[in-house]
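Heads up, the thing below is written out as structure tokens.
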Amino acid sequence: MTAPAAAEACPTCLDARTLARGDELLGALLPALLPWLTTRRWYAHAAGCLTRLTPVRSTVVHEDGSAVLLHTLLDAHHSSGARHRYQLLLGLRPAVPAALAPAVVGRAEGGRWAGWWLYEATEDPELMTALLHRLPAGHDSTAPGPRLTLTGAVPLTAAGTPRPLSAEQSNTSVAYGDRLLLKLVRQPAAGDHPETDTLRALTGHGYRGTARLAGWLHTEGPGLPATVLGVLTEYLPNEGDGWSLATAHAARCVTGSCPTVPATGGFTDDARALGAEVAALHTALAEVFGHHPTTGQRVTDQVARMRRRLRETVREVPGLEPYTGRVLRLYDDYAAVAERGGAPASQRIHGDLHLGQVLRTPDGWKIIDFEGEPSRPLAERTLPEPALRDVAGMLRSFDYAAQEALDRVRVTAVPDGPVRPLHRARRGYAWAVRNRRAFIAGYASAGGLDPRVHPVLLRALEADKAVYEARYEAEHRPDRLAVPLAALTRLTSGR
């Protein structure tokens, strides 16, 4: 077996062989590890040239004669001055089974595992089983390294055979049968973690619209601040996430084959039910974390953060410049309405709500992933915000789903037939409008806040979300930049 060729990597300005002095475990692995690290989906590609890697701690979690599980934290320093901490779970074997061949990183160049194969351990059922059963707090608690604290909501005895989930984003998830799910935080930060904090509260509250918290993986021992490394929840069997289901419906509608009449579209019942579930989530969050009255200072701080994001994004995305004045006026309108007492209270929210963060299960919609927007500082993600910020995020997601459907139809060269390209675009827009309205109606029907009563705030929050999207698209998918810019055109023109 030969080591796989590395995908196109972020540029580096260093030689891996000079790194990790004093780190006996990691030093011999870095020559293979470095080019692999910079090709990961969760690697900070926009941070500039990688100039230095600093090992923080490496711990052997499991070792026998045929396999090793190594847990590693390391800091990557970049030419921009940015520093990112990464969590790695690495497997080592003298010979790798064929099933693990796609996970191979390379070979150790010396040290205690000289010549052994290095690979991504989340692909190895044996090692991921060892991780779950060797780390609970109280097992060899004097040794340094990660710990797993359990809530008892879902017992470890329920865990089945582990398997990694294919959608790799900013984290890596491993399902244990159909009962438990472990989400590893690839860029962990010290301090309270929004997801463990929120899920612990919702589990205690009895809210059933999300997965119960079974435990969390965290740092333990001297020399490291308390840091959440992973979140263990119950696994939610499902029919698919909202994004895949919505885009499939939208694609059928834009080609003229909606499963129901065009006046209603094929997803509106789902959108309405989803709106009601999001409202129920906000009610539960307010009950456990409380409401925060809208004061002048709170509004000033919120608008200041929105203005700052806009200024920073315009520097990165020049195409946003023509919208700046009109977007700022939307923010000013919100501040003016709030000063007259027209803004609702703030509270704990989801913080990064979109169609990809919801699952349709036999028991209805379930809401997942409470980390908040990854680009925001950790301390900012738990600040009280208007609940309509989550609503705005979901409304933007319906726009994206319609555009994704149009793109799929275009790429697959579906014959025009009776639906020509211009008509497809109109159908896509109409699909998004119908489902945005259905979601809002469902949210209002749940007895909480009615978004239609606060159009100024909702418009400002949608614009803020579109600004966030513009920066993301410019960095990762320049061909999609037109989507948030079109939303800003609509929002700033009053449509």
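A note on labels: chains of the structure tokens are A, B, ... as shown, every chain counts residues from 1, and ligands are counted from 1 in their shown order.
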
Could you make a table, as CSV, of the residues of range 390-474 of chain A that have an atom within 9 Å of an atom of range 344-360 of chain A, each with its nearest atom pair and distance in Å to one decimal, counting only C-alpha atoms, in chain and number order?
residue,atom,partner,partner_atom,distance
A:Asp390,CA,A:Leu353,CA,5.5
A:Val391,CA,A:Leu353,CA,7.7
A:Ala392,CA,A:Leu353,CA,8.6
A:Gly393,CA,A:Leu353,CA,5.5
A:Met394,CA,A:His354,CA,4.6
A:Leu395,CA,A:His354,CA,8.0
A:Arg396,CA,A:His354,CA,7.7
A:Ser397,CA,A:His354,CA,5.4
A:Phe398,CA,A:Leu355,CA,7.6
A:Ala401,CA,A:Leu355,CA,8.4
A:Leu449,CA,A:Pro344,CA,8.2
A:His454,CA,A:Pro344,CA,8.4

Residues as selected, N, CA and C atoms, written as a CSV table (one decimal), in the first residue's frame, can you do that?
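What follows is the written file again00.csv:
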chain,number,residue,atom,x,y,z
A,390,ASP,N,-33.2,33.7,14.2
A,390,ASP,CA,-33.3,32.4,13.7
A,390,ASP,C,-34.3,32.3,12.6
A,391,VAL,N,-35.4,33.0,12.7
A,391,VAL,CA,-36.4,33.0,11.6
A,391,VAL,C,-35.8,33.6,10.4
A,392,ALA,N,-35.0,34.6,10.5
A,392,ALA,CA,-34.4,35.2,9.3
A,392,ALA,C,-33.4,34.2,8.7
A,393,GLY,N,-32.7,33.5,9.5
A,393,GLY,CA,-31.8,32.5,8.9
A,393,GLY,C,-32.5,31.4,8.1
A,394,MET,N,-33.7,31.0,8.6
A,394,MET,CA,-34.5,30.0,7.9
A,394,MET,C,-35.1,30.5,6.6
A,395,LEU,N,-35.5,31.8,6.6
A,395,LEU,CA,-36.0,32.4,5.4
A,395,LEU,C,-34.9,32.5,4.4
A,396,ARG,N,-33.7,32.8,4.7
A,396,ARG,CA,-32.6,32.9,3.8
A,396,ARG,C,-32.4,31.4,3.2
A,397,SER,N,-32.6,30.4,4.0
A,397,SER,CA,-32.3,29.1,3.6
A,397,SER,C,-33.3,28.6,2.5
A,398,PHE,N,-34.5,29.1,2.6
A,398,PHE,CA,-35.5,28.8,1.5
A,398,PHE,C,-35.1,29.4,0.2
A,401,ALA,N,-32.4,27.2,-1.1
A,401,ALA,CA,-32.9,25.9,-1.6
A,401,ALA,C,-33.5,26.1,-3.0
A,449,LEU,N,-44.3,34.8,19.2
A,449,LEU,CA,-44.1,36.0,18.5
A,449,LEU,C,-44.6,35.8,17.0
A,454,HIS,N,-43.4,42.4,13.1
A,454,HIS,CA,-42.1,43.1,13.2
A,454,HIS,C,-41.3,43.1,11.9

TODO: Considering only C-alpha atoms, return as a VMD selection string whatever protein or nucleic-acid residues lie within 8 Å of range 429-444 of chain A, sequence-local ones (same chain, fewer than 3 positions apart) excluded.
DONE: chain A and resid 250 253 264 to 265 267 to 269 271 to 279 391 395 398 to 399 401 to 402 425 to 426 447 to 452

- [ ] Have a look at A:Gly372, A:Pro322, A:Leu92, A:Pro293 and name the one nearest to Asp197 in chain A; count only C-alpha atoms.
- [x] A:Gly372

TODO: Name all residues at most 7 Å from Asp75 in chain A (count only C-alpha atoms; drop same-chain ones fewer than 6 positions away) and give them as a ChimeraX atom specification.
DONE: /A:53-56,83-86

Could those residues be written to a file, using N, CA, C and O atoms, as a compact mmCIF listing (two decimals), in the first residue's frame?
# COMPACT_ATOMS: atom_id res chain seq x y z
N LEU A 53 3.52 24.94 13.39
CA LEU A 53 2.63 24.08 14.15
C LEU A 53 3.21 23.90 15.55
O LEU A 53 4.38 23.58 15.71
N THR A 54 2.37 24.11 16.56
CA THR A 54 2.80 23.96 17.94
C THR A 54 1.99 22.86 18.60
O THR A 54 0.78 23.02 18.83
N PRO A 55 2.58 21.71 18.93
CA PRO A 55 1.85 20.67 19.64
C PRO A 55 1.42 21.16 21.02
O PRO A 55 2.19 21.79 21.73
N VAL A 56 0.18 20.90 21.37
CA VAL A 56 -0.34 21.29 22.68
C VAL A 56 -0.34 20.09 23.62
O VAL A 56 0.18 20.16 24.72
N ARG A 83 -4.27 32.20 14.60
CA ARG A 83 -3.89 30.92 15.18
C ARG A 83 -5.15 30.08 15.37
O ARG A 83 -6.15 30.57 15.87
N HIS A 84 -5.08 28.84 14.93
CA HIS A 84 -6.22 27.94 15.05
C HIS A 84 -5.77 26.67 15.76
O HIS A 84 -4.74 26.09 15.41
N ARG A 85 -6.56 26.25 16.73
CA ARG A 85 -6.29 24.99 17.42
C ARG A 85 -7.12 23.88 16.78
O ARG A 85 -8.33 24.04 16.55
N TYR A 86 -6.48 22.76 16.51
CA TYR A 86 -7.15 21.62 15.88
C TYR A 86 -7.11 20.40 16.78
O TYR A 86 -6.12 20.18 17.50

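Closest approach to Gly152 in chain A among A:Ala214, A:His423, A:Val96, A:Ala114: A:Ala214, based on only C-alpha atoms.
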
Check the DSSP output for the backbone and give back, as a JSON list (two decimals) with N, CA, C and O atoms, in the first residue's frame, the residues of range 89-302 of chain A in strand (DSSP E).
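What ended up in states16.json:
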[["chain", "number", "residue", "atom", "x", "y", "z"],
["A", 89, "LEU", "N", -7.90, 12.91, 15.81],
["A", 89, "LEU", "CA", -7.93, 11.53, 16.30],
["A", 89, "LEU", "C", -7.24, 10.68, 15.25],
["A", 89, "LEU", "O", -7.73, 10.56, 14.13],
["A", 90, "LEU", "N", -6.10, 10.13, 15.62],
["A", 90, "LEU", "CA", -5.25, 9.43, 14.66],
["A", 90, "LEU", "C", -5.14, 7.96, 15.04],
["A", 90, "LEU", "O", -4.97, 7.61, 16.21],
["A", 91, "GLY", "N", -5.24, 7.10, 14.03],
["A", 91, "GLY", "CA", -5.01, 5.69, 14.23],
["A", 91, "GLY", "C", -3.66, 5.28, 13.68],
["A", 91, "GLY", "O", -3.15, 5.89, 12.73],
["A", 92, "LEU", "N", -3.05, 4.29, 14.28],
["A", 92, "LEU", "CA", -1.78, 3.74, 13.81],
["A", 92, "LEU", "C", -1.86, 2.23, 13.82],
["A", 92, "LEU", "O", -2.31, 1.62, 14.81],
["A", 93, "ARG", "N", -1.43, 1.62, 12.72],
["A", 93, "ARG", "CA", -1.39, 0.17, 12.62],
["A", 93, "ARG", "C", -0.16, -0.23, 11.80],
["A", 93, "ARG", "O", 0.19, 0.47, 10.84],
["A", 104, "VAL", "N", -6.08, 6.45, 5.00],
["A", 104, "VAL", "CA", -4.64, 6.51, 5.26],
["A", 104, "VAL", "C", -4.09, 7.90, 5.01],
["A", 104, "VAL", "O", -4.40, 8.56, 4.02],
["A", 105, "VAL", "N", -3.23, 8.36, 5.93],
["A", 105, "VAL", "CA", -2.56, 9.65, 5.83],
["A", 105, "VAL", "C", -1.13, 9.48, 5.34],
["A", 105, "VAL", "O", -0.64, 10.25, 4.51],
["A", 106, "GLY", "N", -0.43, 8.48, 5.84],
["A", 106, "GLY", "CA", 0.96, 8.24, 5.48],
["A", 106, "GLY", "C", 1.60, 7.27, 6.47],
["A", 106, "GLY", "O", 0.89, 6.51, 7.14],
["A", 107, "ARG", "N", 2.94, 7.33, 6.59],
["A", 107, "ARG", "CA", 3.64, 6.42, 7.51],
["A", 107, "ARG", "C", 4.48, 7.22, 8.49],
["A", 107, "ARG", "O", 4.98, 8.30, 8.18],
["A", 117, "TRP", "N", 1.43, 2.61, 9.70],
["A", 117, "TRP", "CA", 0.55, 3.45, 8.90],
["A", 117, "TRP", "C", -0.26, 4.37, 9.81],
["A", 117, "TRP", "O", -0.80, 3.95, 10.84],
["A", 118, "LEU", "N", -0.35, 5.61, 9.40],
["A", 118, "LEU", "CA", -1.12, 6.63, 10.11],
["A", 118, "LEU", "C", -2.40, 6.90, 9.32],
["A", 118, "LEU", "O", -2.37, 7.03, 8.10],
["A", 119, "TYR", "N", -3.54, 6.99, 10.03],
["A", 119, "TYR", "CA", -4.81, 7.18, 9.32],
["A", 119, "TYR", "C", -5.81, 7.91, 10.21],
["A", 119, "TYR", "O", -5.61, 8.06, 11.43],
["A", 120, "GLU", "N", -6.89, 8.38, 9.58],
["A", 120, "GLU", "CA", -7.96, 9.07, 10.29],
["A", 120, "GLU", "C", -8.75, 8.06, 11.11],
["A", 120, "GLU", "O", -9.41, 7.16, 10.58],
["A", 147, "ARG", "N", -11.42, 13.57, 28.58],
["A", 147, "ARG", "CA", -12.35, 12.84, 29.43],
["A", 147, "ARG", "C", -13.75, 12.91, 28.82],
["A", 147, "ARG", "O", -14.08, 13.85, 28.11],
["A", 148, "LEU", "N", -14.57, 11.94, 29.15],
["A", 148, "LEU", "CA", -15.95, 11.91, 28.71],
["A", 148, "LEU", "C", -16.85, 11.94, 29.93],
["A", 148, "LEU", "O", -16.82, 11.03, 30.75],
["A", 149, "THR", "N", -17.61, 13.02, 30.08],
["A", 149, "THR", "CA", -18.57, 13.15, 31.18],
["A", 149, "THR", "C", -19.95, 12.79, 30.66],
["A", 149, "THR", "O", -20.37, 13.30, 29.61],
["A", 150, "LEU", "N", -20.65, 11.92, 31.38],
["A", 150, "LEU", "CA", -21.94, 11.40, 30.92],
["A", 150, "LEU", "C", -23.08, 12.00, 31.73],
["A", 150, "LEU", "O", -22.94, 12.27, 32.92],
["A", 162, "PRO", "N", -19.83, 1.72, 15.58],
["A", 162, "PRO", "CA", -19.64, 3.10, 15.10],
["A", 162, "PRO", "C", -19.40, 3.16, 13.60],
["A", 162, "PRO", "O", -18.80, 2.27, 13.00],
["A", 163, "ARG", "N", -19.86, 4.27, 13.02],
["A", 163, "ARG", "CA", -19.62, 4.55, 11.60],
["A", 163, "ARG", "C", -19.56, 6.06, 11.42],
["A", 163, "ARG", "O", -20.38, 6.79, 12.00],
["A", 164, "PRO", "N", -18.61, 6.56, 10.64],
["A", 164, "PRO", "CA", -18.56, 8.01, 10.41],
["A", 164, "PRO", "C", -19.68, 8.43, 9.47],
["A", 164, "PRO", "O", -20.06, 7.68, 8.57],
["A", 171, "ASN", "N", -17.07, 20.06, 11.62],
["A", 171, "ASN", "CA", -16.86, 19.03, 12.63],
["A", 171, "ASN", "C", -16.89, 17.66, 11.97],
["A", 171, "ASN", "O", -17.14, 17.55, 10.77],
["A", 172, "THR", "N", -16.66, 16.62, 12.76],
["A", 172, "THR", "CA", -16.75, 15.25, 12.26],
["A", 172, "THR", "C", -17.67, 14.47, 13.17],
["A", 172, "THR", "O", -17.49, 14.48, 14.40],
["A", 173, "SER", "N", -18.66, 13.78, 12.60],
["A", 173, "SER", "CA", -19.64, 13.06, 13.40],
["A", 173, "SER", "C", -19.53, 11.56, 13.18],
["A", 173, "SER", "O", -19.32, 11.10, 12.05],
["A", 174, "VAL", "N", -19.69, 10.81, 14.27],
["A", 174, "VAL", "CA", -19.65, 9.35, 14.25],
["A", 174, "VAL", "C", -20.91, 8.83, 14.92],
["A", 174, "VAL", "O", -21.20, 9.20, 16.06],
["A", 175, "ALA", "N", -21.67, 8.01, 14.22],
["A", 175, "ALA", "CA", -22.88, 7.41, 14.78],
["A", 175, "ALA", "C", -22.53, 6.04, 15.36],
["A", 175, "ALA", "O", -21.76, 5.27, 14.76],
["A", 176, "TYR", "N", -23.09, 5.74, 16.54],
["A", 176, "TYR", "CA", -22.93, 4.44, 17.17],
["A", 176, "TYR", "C", -24.25, 3.69, 17.06],
["A", 176, "TYR", "O", -25.17, 3.89, 17.86],
["A", 180, "LEU", "N", -26.62, 6.51, 19.45],
["A", 180, "LEU", "CA", -25.75, 7.58, 19.92],
["A", 180, "LEU", "C", -25.02, 8.24, 18.75],
["A", 180, "LEU", "O", -24.73, 7.59, 17.74],
["A", 181, "LEU", "N", -24.70, 9.52, 18.93],
["A", 181, "LEU", "CA", -23.97, 10.28, 17.93],
["A", 181, "LEU", "C", -22.91, 11.12, 18.63],
["A", 181, "LEU", "O", -23.22, 11.88, 19.56],
["A", 182, "LEU", "N", -21.66, 10.98, 18.20],
["A", 182, "LEU", "CA", -20.56, 11.77, 18.75],
["A", 182, "LEU", "C", -20.12, 12.77, 17.70],
["A", 182, "LEU", "O", -19.73, 12.40, 16.60],
["A", 183, "LYS", "N", -20.18, 14.04, 18.05],
["A", 183, "LYS", "CA", -19.70, 15.10, 17.16],
["A", 183, "LYS", "C", -18.40, 15.65, 17.72],
["A", 183, "LYS", "O", -18.36, 16.20, 18.81],
["A", 184, "LEU", "N", -17.32, 15.48, 16.95],
["A", 184, "LEU", "CA", -16.01, 15.97, 17.36],
["A", 184, "LEU", "C", -15.82, 17.40, 16.87],
["A", 184, "LEU", "O", -15.99, 17.68, 15.68],
["A", 185, "VAL", "N", -15.45, 18.28, 17.78],
["A", 185, "VAL", "CA", -15.21, 19.68, 17.43],
["A", 185, "VAL", "C", -13.79, 19.77, 16.89],
["A", 185, "VAL", "O", -12.81, 19.58, 17.62],
["A", 213, "LEU", "N", -28.91, 15.22, 25.36],
["A", 213, "LEU", "CA", -27.47, 15.22, 25.60],
["A", 213, "LEU", "C", -27.10, 13.99, 26.42],
["A", 213, "LEU", "O", -27.58, 13.80, 27.54],
["A", 214, "ALA", "N", -26.22, 13.15, 25.87],
["A", 214, "ALA", "CA", -25.74, 11.96, 26.58],
["A", 214, "ALA", "C", -24.44, 12.22, 27.32],
["A", 214, "ALA", "O", -24.12, 11.54, 28.29],
["A", 215, "GLY", "N", -23.65, 13.19, 26.84],
["A", 215, "GLY", "CA", -22.38, 13.51, 27.49],
["A", 215, "GLY", "C", -21.56, 14.45, 26.63],
["A", 215, "GLY", "O", -22.00, 14.89, 25.57],
["A", 216, "TRP", "N", -20.36, 14.77, 27.12],
["A", 216, "TRP", "CA", -19.47, 15.61, 26.33],
["A", 216, "TRP", "C", -18.02, 15.25, 26.61],
["A", 216, "TRP", "O", -17.64, 14.87, 27.71],
["A", 217, "LEU", "N", -17.23, 15.33, 25.57],
["A", 217, "LEU", "CA", -15.79, 15.08, 25.63],
["A", 217, "LEU", "C", -15.10, 16.40, 25.92],
["A", 217, "LEU", "O", -15.43, 17.42, 25.32],
["A", 218, "HIS", "N", -14.13, 16.40, 26.84],
["A", 218, "HIS", "CA", -13.52, 17.66, 27.23],
["A", 218, "HIS", "C", -12.09, 17.43, 27.72],
["A", 218, "HIS", "O", -11.68, 16.29, 27.98],
["A", 228, "VAL", "N", -14.39, 22.07, 25.58],
["A", 228, "VAL", "CA", -15.24, 20.99, 25.06],
["A", 228, "VAL", "C", -14.66, 20.50, 23.75],
["A", 228, "VAL", "O", -14.42, 21.29, 22.83],
["A", 229, "LEU", "N", -14.43, 19.20, 23.64],
["A", 229, "LEU", "CA", -13.84, 18.58, 22.46],
["A", 229, "LEU", "C", -14.87, 17.85, 21.60],
["A", 229, "LEU", "O", -14.61, 17.61, 20.42],
["A", 230, "GLY", "N", -15.97, 17.48, 22.20],
["A", 230, "GLY", "CA", -16.98, 16.74, 21.45],
["A", 230, "GLY", "C", -18.29, 16.68, 22.21],
["A", 230, "GLY", "O", -18.32, 16.88, 23.43],
["A", 231, "VAL", "N", -19.37, 16.43, 21.50],
["A", 231, "VAL", "CA", -20.71, 16.38, 22.08],
["A", 231, "VAL", "C", -21.33, 15.04, 21.75],
["A", 231, "VAL", "O", -21.40, 14.64, 20.58],
["A", 232, "LEU", "N", -21.79, 14.32, 22.78],
["A", 232, "LEU", "CA", -22.39, 13.00, 22.62],
["A", 232, "LEU", "C", -23.90, 13.14, 22.86],
["A", 232, "LEU", "O", -24.32, 13.55, 23.94],
["A", 233, "THR", "N", -24.69, 12.82, 21.84],
["A", 233, "THR", "CA", -26.14, 12.93, 21.95],
["A", 233, "THR", "C", -26.80, 11.63, 21.52],
["A", 233, "THR", "O", -26.15, 10.73, 20.96],
["A", 234, "GLU", "N", -28.10, 11.55, 21.75],
["A", 234, "GLU", "CA", -28.83, 10.42, 21.18],
["A", 234, "GLU", "C", -28.86, 10.60, 19.66],
["A", 234, "GLU", "O", -28.86, 11.71, 19.14]]

Open item on the list: Would you pick out the contacts of Arg311 in chain A at 10 Å or less, using only C-alpha atoms, so that residues sharing its chain but fewer than 4 positions from it are not included, and give the list as a list in words?
Closed with: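 Neighbouring residues, sequence-local ones excluded: Arg305, Met306, Arg307, Arg315, Glu316, Val317, Leu320, Glu321, Thr324 and Val467 of chain A.
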
Open item on the list: Taking only C-alpha atoms into account, name the residue in A:Leu457, A:Val299, A:Leu406, A:Leu199 that is nearest to Arg212 in chain A.
Closed with: A:Leu199

Open item on the list: Quick one: residues within 12 Å of Glu239 in chain A, only C-alpha atoms, excluding same-chain residues fewer than 2 positions away - as a PyMOL selection string?
Closed with: chain A and resi 236-237+241-245+358-366

Those same residues - C-alpha atoms - I'd like them written as a PDB file, in the first residue's frame.
ATOM      1  CA  LEU A 236     -32.127  10.602  15.693  1.00  0.00           C
ATOM      2  CA  PRO A 237     -33.234   8.160  12.944  1.00  0.00           C
ATOM      3  CA  ASP A 241     -32.440  16.769   6.619  1.00  0.00           C
ATOM      4  CA  GLY A 242     -34.530  19.749   5.630  1.00  0.00           C
ATOM      5  CA  TRP A 243     -32.063  20.878   2.978  1.00  0.00           C
ATOM      6  CA  SER A 244     -32.098  17.650   0.982  1.00  0.00           C
ATOM      7  CA  LEU A 245     -35.868  17.310   1.249  1.00  0.00           C
ATOM      8  CA  VAL A 358     -33.247  20.191  10.950  1.00  0.00           C
ATOM      9  CA  LEU A 359     -34.185  16.527  10.514  1.00  0.00           C
ATOM     10  CA  ARG A 360     -37.554  15.107   9.559  1.00  0.00           C
ATOM     11  CA  THR A 361     -38.228  12.132  11.815  1.00  0.00           C
ATOM     12  CA  PRO A 362     -41.280   9.912  12.398  1.00  0.00           C
ATOM     13  CA  ASP A 363     -42.008  12.193  15.378  1.00  0.00           C
ATOM     14  CA  GLY A 364     -41.827  15.397  13.356  1.00  0.00           C
ATOM     15  CA  TRP A 365     -39.068  17.943  12.831  1.00  0.00           C
ATOM     16  CA  LYS A 366     -36.037  17.846  15.124  1.00  0.00           C
TER      17      LYS A 366
END

Task: Using only C-alpha atoms: which of A:Gly111, A:Gln169, A:Arg57, A:Gln187 has the shortest distance to Gly223 in chain A - done: A:Arg57

Open item on the list: Please compute the CA of Ala470 in chain A-CA of Arg408 in chain A distance, one decimal, in Å.
Closed with: 21.1 Å

- [ ] Name the residues of range 360-464 of chain A that come out as alpha helix (DSSP H) in a backbone DSSP run; write them as JSON, numbers by chain.
- [x] {"A": [388, 389, 390, 391, 392, 393, 394, 395, 396, 397, 398, 399, 400, 401, 402, 403, 404, 405, 406, 407, 408, 409, 410, 411, 421, 422, 423, 424, 425, 426, 427, 428, 429, 430, 431, 432, 433, 434, 435, 436, 437, 438, 439, 440, 441, 442, 443, 444, 445, 455, 456, 457, 458, 459, 460, 461, 462, 463, 464]}

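In this model, the gap between CA of Trp36 in chain A and CA of Leu88 in chain A comes to 11.5 Å.
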
Open item on the list: One decimal, in Å: what's the spacing between CA of Arg41 in chain A and CA of Ser170 in chain A?
Closed with: 6.8 Å
